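Scroll down for the structure; my scribbles are underneath it.
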Amino acid sequence: MKLYVVGVGPGDPELITLKALNILRKVSLIFFPTGGKETLALSIVEALIPLKEKTLVELYFPMKKNEDLSSHWENLSQIIYKELTEKKEGVFITLGDPAFYSTFFYLKPYLEEKGITIEVIPGISSISALASKFAIPLGLNKEEVLVTNAENLLKTPEKYATFPTLVIMKCHKYIEALRDFAKKFKFSVYIGKRVGQNQEKLWYNPTDIKEEKPDYFTLVILKQE
């Protein structure tokens, strides 16, 4: 039994890799994660290949990770195991790049315990997509690039102020505070909401954000001026 874990990119169907597309065309069983609201990864795949002849299995992934979810991961692994027993091969799709903040890796040990072979297919991350939208480098020469979340940065801002490039994830609730950080430590600000998706919005400055409110799929790149 084999499970391909495929990164489908940040939202634009044209940003999926050729290898990922070939696997999606070949394999008839597709597992797709939801947080109870959206099926973004599946919508990307749907724009590329017909799904009528595919077997689609929805897997609920809770957003909260600060509790013991071992029984939930075990239940999901049993669902995947049961489907793979019949189909032999399956694809688990995930936004962006699987190795970068994908909740799949909470599930991975439970699948390996059941003897399922896993192959990970990388994808383009939202970070790379946002940098390309603004035509800026994330790093040059020996520059350091740090990726963190807004909560960590704002707890100890001086700790992060020396990095030439900061990528801030999970930041939609902290845009104003990040603006103050950028102003104090002289960073240029690049903000993207749902990069590569139909609802994409880009801002150079938090003060430009008016009616369009940032959401969970918002990230910020800060570069020293």
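Naming works like this for the structure tokens: A, B, ... for the chains as they're shown, residue 1 at the start of each chain, ligands 1 onward in shown order.
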* Glu14 of chain A environment, 12 Å, only C-alpha atoms, sequence neighbours closer than 3 positions dropped, as a PyMOL selection string -> chain A and resi 8-11+17-18+20-21+44-45+47-48+123-124+129+196-197
Export of prior selection with N, CA and C atoms as a PDB file, in the first residue's frame:
```pdb
ATOM      1  N   VAL A   8      -0.058  20.837  -3.632  1.00  0.00           N
ATOM      2  CA  VAL A   8      -0.706  21.350  -4.838  1.00  0.00           C
ATOM      3  C   VAL A   8      -0.496  22.854  -5.017  1.00  0.00           C
ATOM      4  N   GLY A   9       0.418  23.430  -4.222  1.00  0.00           N
ATOM      5  CA  GLY A   9       0.734  24.838  -4.375  1.00  0.00           C
ATOM      6  C   GLY A   9      -0.202  25.743  -3.598  1.00  0.00           C
ATOM      7  N   PRO A  10      -0.009  27.055  -3.724  1.00  0.00           N
ATOM      8  CA  PRO A  10      -0.741  28.013  -2.893  1.00  0.00           C
ATOM      9  C   PRO A  10      -2.166  28.312  -3.341  1.00  0.00           C
ATOM     10  N   GLY A  11      -2.515  27.983  -4.584  1.00  0.00           N
ATOM     11  CA  GLY A  11      -3.874  28.299  -5.019  1.00  0.00           C
ATOM     12  C   GLY A  11      -4.040  28.343  -6.525  1.00  0.00           C
ATOM     13  N   THR A  17       3.217  21.213  -9.632  1.00  0.00           N
ATOM     14  CA  THR A  17       4.335  20.623 -10.366  1.00  0.00           C
ATOM     15  C   THR A  17       3.839  19.573 -11.349  1.00  0.00           C
ATOM     16  N   LEU A  18       4.650  19.317 -12.365  1.00  0.00           N
ATOM     17  CA  LEU A  18       4.301  18.309 -13.356  1.00  0.00           C
ATOM     18  C   LEU A  18       4.235  16.923 -12.723  1.00  0.00           C
ATOM     19  N   ALA A  20       3.420  16.194  -9.614  1.00  0.00           N
ATOM     20  CA  ALA A  20       2.182  16.104  -8.846  1.00  0.00           C
ATOM     21  C   ALA A  20       0.993  15.861  -9.761  1.00  0.00           C
ATOM     22  N   LEU A  21       0.952  16.564 -10.877  1.00  0.00           N
ATOM     23  CA  LEU A  21      -0.157  16.413 -11.824  1.00  0.00           C
ATOM     24  C   LEU A  21      -0.205  15.003 -12.400  1.00  0.00           C
ATOM     25  N   ILE A  44      -8.252  23.173  -6.283  1.00  0.00           N
ATOM     26  CA  ILE A  44      -7.106  23.302  -7.195  1.00  0.00           C
ATOM     27  C   ILE A  44      -7.030  22.090  -8.117  1.00  0.00           C
ATOM     28  N   VAL A  45      -7.172  20.907  -7.531  1.00  0.00           N
ATOM     29  CA  VAL A  45      -7.117  19.671  -8.316  1.00  0.00           C
ATOM     30  C   VAL A  45      -8.276  19.611  -9.310  1.00  0.00           C
ATOM     31  N   ALA A  47      -9.662  21.938 -10.853  1.00  0.00           N
ATOM     32  CA  ALA A  47      -9.427  22.809 -12.001  1.00  0.00           C
ATOM     33  C   ALA A  47      -8.477  22.175 -13.020  1.00  0.00           C
ATOM     34  N   LEU A  48      -7.838  21.074 -12.634  1.00  0.00           N
ATOM     35  CA  LEU A  48      -6.818  20.459 -13.487  1.00  0.00           C
ATOM     36  C   LEU A  48      -7.246  19.138 -14.099  1.00  0.00           C
ATOM     37  N   GLY A 123       5.702  20.926  -3.118  1.00  0.00           N
ATOM     38  CA  GLY A 123       4.917  21.907  -3.857  1.00  0.00           C
ATOM     39  C   GLY A 123       5.440  23.302  -3.600  1.00  0.00           C
ATOM     40  N   ILE A 124       4.951  24.259  -4.366  1.00  0.00           N
ATOM     41  CA  ILE A 124       5.337  25.656  -4.185  1.00  0.00           C
ATOM     42  C   ILE A 124       4.618  26.213  -2.961  1.00  0.00           C
ATOM     43  N   ALA A 129       5.404  32.086  -3.393  1.00  0.00           N
ATOM     44  CA  ALA A 129       4.428  32.740  -4.259  1.00  0.00           C
ATOM     45  C   ALA A 129       4.305  34.222  -3.944  1.00  0.00           C
ATOM     46  N   GLY A 196      -2.421  33.620  -4.992  1.00  0.00           N
ATOM     47  CA  GLY A 196      -2.660  32.631  -6.032  1.00  0.00           C
ATOM     48  C   GLY A 196      -4.100  32.180  -6.150  1.00  0.00           C
ATOM     49  N   GLN A 197      -4.953  32.611  -5.233  1.00  0.00           N
ATOM     50  CA  GLN A 197      -6.365  32.251  -5.270  1.00  0.00           C
ATOM     51  C   GLN A 197      -7.179  33.380  -5.893  1.00  0.00           C
TER      52      GLN A 197
END
```
Non-local contacts of Pro33 of chain A (9 Å; only C-alpha atoms; under 6 positions in same chain excluded) as a tab-separated table (two decimals) with C-alpha atoms, in the first residue's frame:
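Output file part.tsv follows:
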```tsv
chain	number	residue	atom	x	y	z
A	39	THR	CA	-11.73	22.44	0.49
A	40	LEU	CA	-9.13	24.64	-1.18
A	41	ALA	CA	-6.71	21.86	-2.06
A	42	LEU	CA	-9.47	19.90	-3.79
A	57	VAL	CA	-12.44	10.78	0.72
A	58	GLU	CA	-12.80	13.80	3.00
A	59	LEU	CA	-10.67	13.88	6.14
A	60	TYR	CA	-11.44	16.36	8.88
A	61	PHE	CA	-8.36	18.03	10.37
A	92	PHE	CA	-3.30	12.89	0.03
A	93	ILE	CA	-3.41	16.48	-1.24
A	94	THR	CA	-2.36	19.51	0.76
A	104	PHE	CA	-0.40	15.74	7.52
```
(Q) Going by DSSP on the backbone, which residues of segment 26-166 of chain A come out as helix (DSSP H, G or I)? List them as a PyMOL selection string. (A) chain A and resi 26+40-46+70-87+104-113+126-134+150-155+157-160
**Request:** Show which residues sit within 9 Å of Leu84 of chain A, as a list of chain:residue names. Count only C-alpha atoms, and ignore same-chain residues fewer than 4 positions away.
**Result:** A:Met1, A:Lys2, A:Leu3, A:Leu29, A:Ile79, A:Ile80, A:Lys88, A:Glu89, A:Gly90, A:Ile116
Under the rule that only C-alpha atoms are counted, which of A:Pro164, A:Cys171, A:Phe187, A:Leu178 is the nearest residue to Lys213 of chain A?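 The closest residue to Lys213 of chain A is A:Cys171.
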Review point. Counting only C-alpha atoms, what is within 12 Å of Tyr110 of chain A, bar same-chain residues fewer than 3 positions away, as a count of residues only?
Key: 23
### Task
Please give the complete set of residues from segment 11-198 of chain A that DSSP, run on the backbone, assigns to strand (DSSP E or B), formatted as a ChimeraX atom specification.
/A:29-34,55-60,89-94,96,117-121,145-149,165-169,187-193
Within 8 Å of Val120 of chain A using only C-alpha atoms, minus same-chain residues under 3 positions, as a PDB file with C-alpha atoms, in the first residue's frame:
```pdb
ATOM      1  CA  TYR A   4       1.486   9.920  -2.140  1.00  0.00           C
ATOM      2  CA  VAL A   5       1.439  13.166  -0.165  1.00  0.00           C
ATOM      3  CA  VAL A   6       1.181  15.847  -2.832  1.00  0.00           C
ATOM      4  CA  PRO A  98       3.682  19.265   2.475  1.00  0.00           C
TER       5      PRO A  98
END
```
If you measure from atom CA of Leu130 of chain A to atom CA of Arg25 of chain A, what distance in Å do you get, rounded to one decimal?
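Distance reported for this atom pair: 27.8 Å.
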Near segment 146-159 of chain A, within 8 Å and counting only C-alpha atoms, which residues show up once chain neighbours fewer than 4 positions away are dropped, as a compact mmCIF listing (two decimals) with C-alpha atoms, in the first residue's frame?
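Now in selection-v2.txt:
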```txt
# COMPACT_ATOMS: atom_id res chain seq x y z
CA PHE A 163 17.25 39.50 10.59
CA THR A 165 14.20 39.11 6.06
CA LEU A 166 11.31 37.90 8.21
CA VAL A 167 8.42 35.81 7.00
CA ILE A 168 5.44 35.99 9.36
CA MET A 169 2.82 33.26 9.31
CA LYS A 170 -0.49 33.17 11.19
CA CYS A 171 -0.54 36.93 11.34
CA TYR A 174 -1.73 41.04 14.39
CA ALA A 177 1.15 45.31 15.71
CA LEU A 178 3.36 44.14 12.84
CA PHE A 181 7.21 46.59 14.59
```
Counting only C-alpha atoms, closest pick from A:Gly35, A:Gly192, A:Pro50, A:Pro122 relative to Asn205 of chain A is A:Gly192
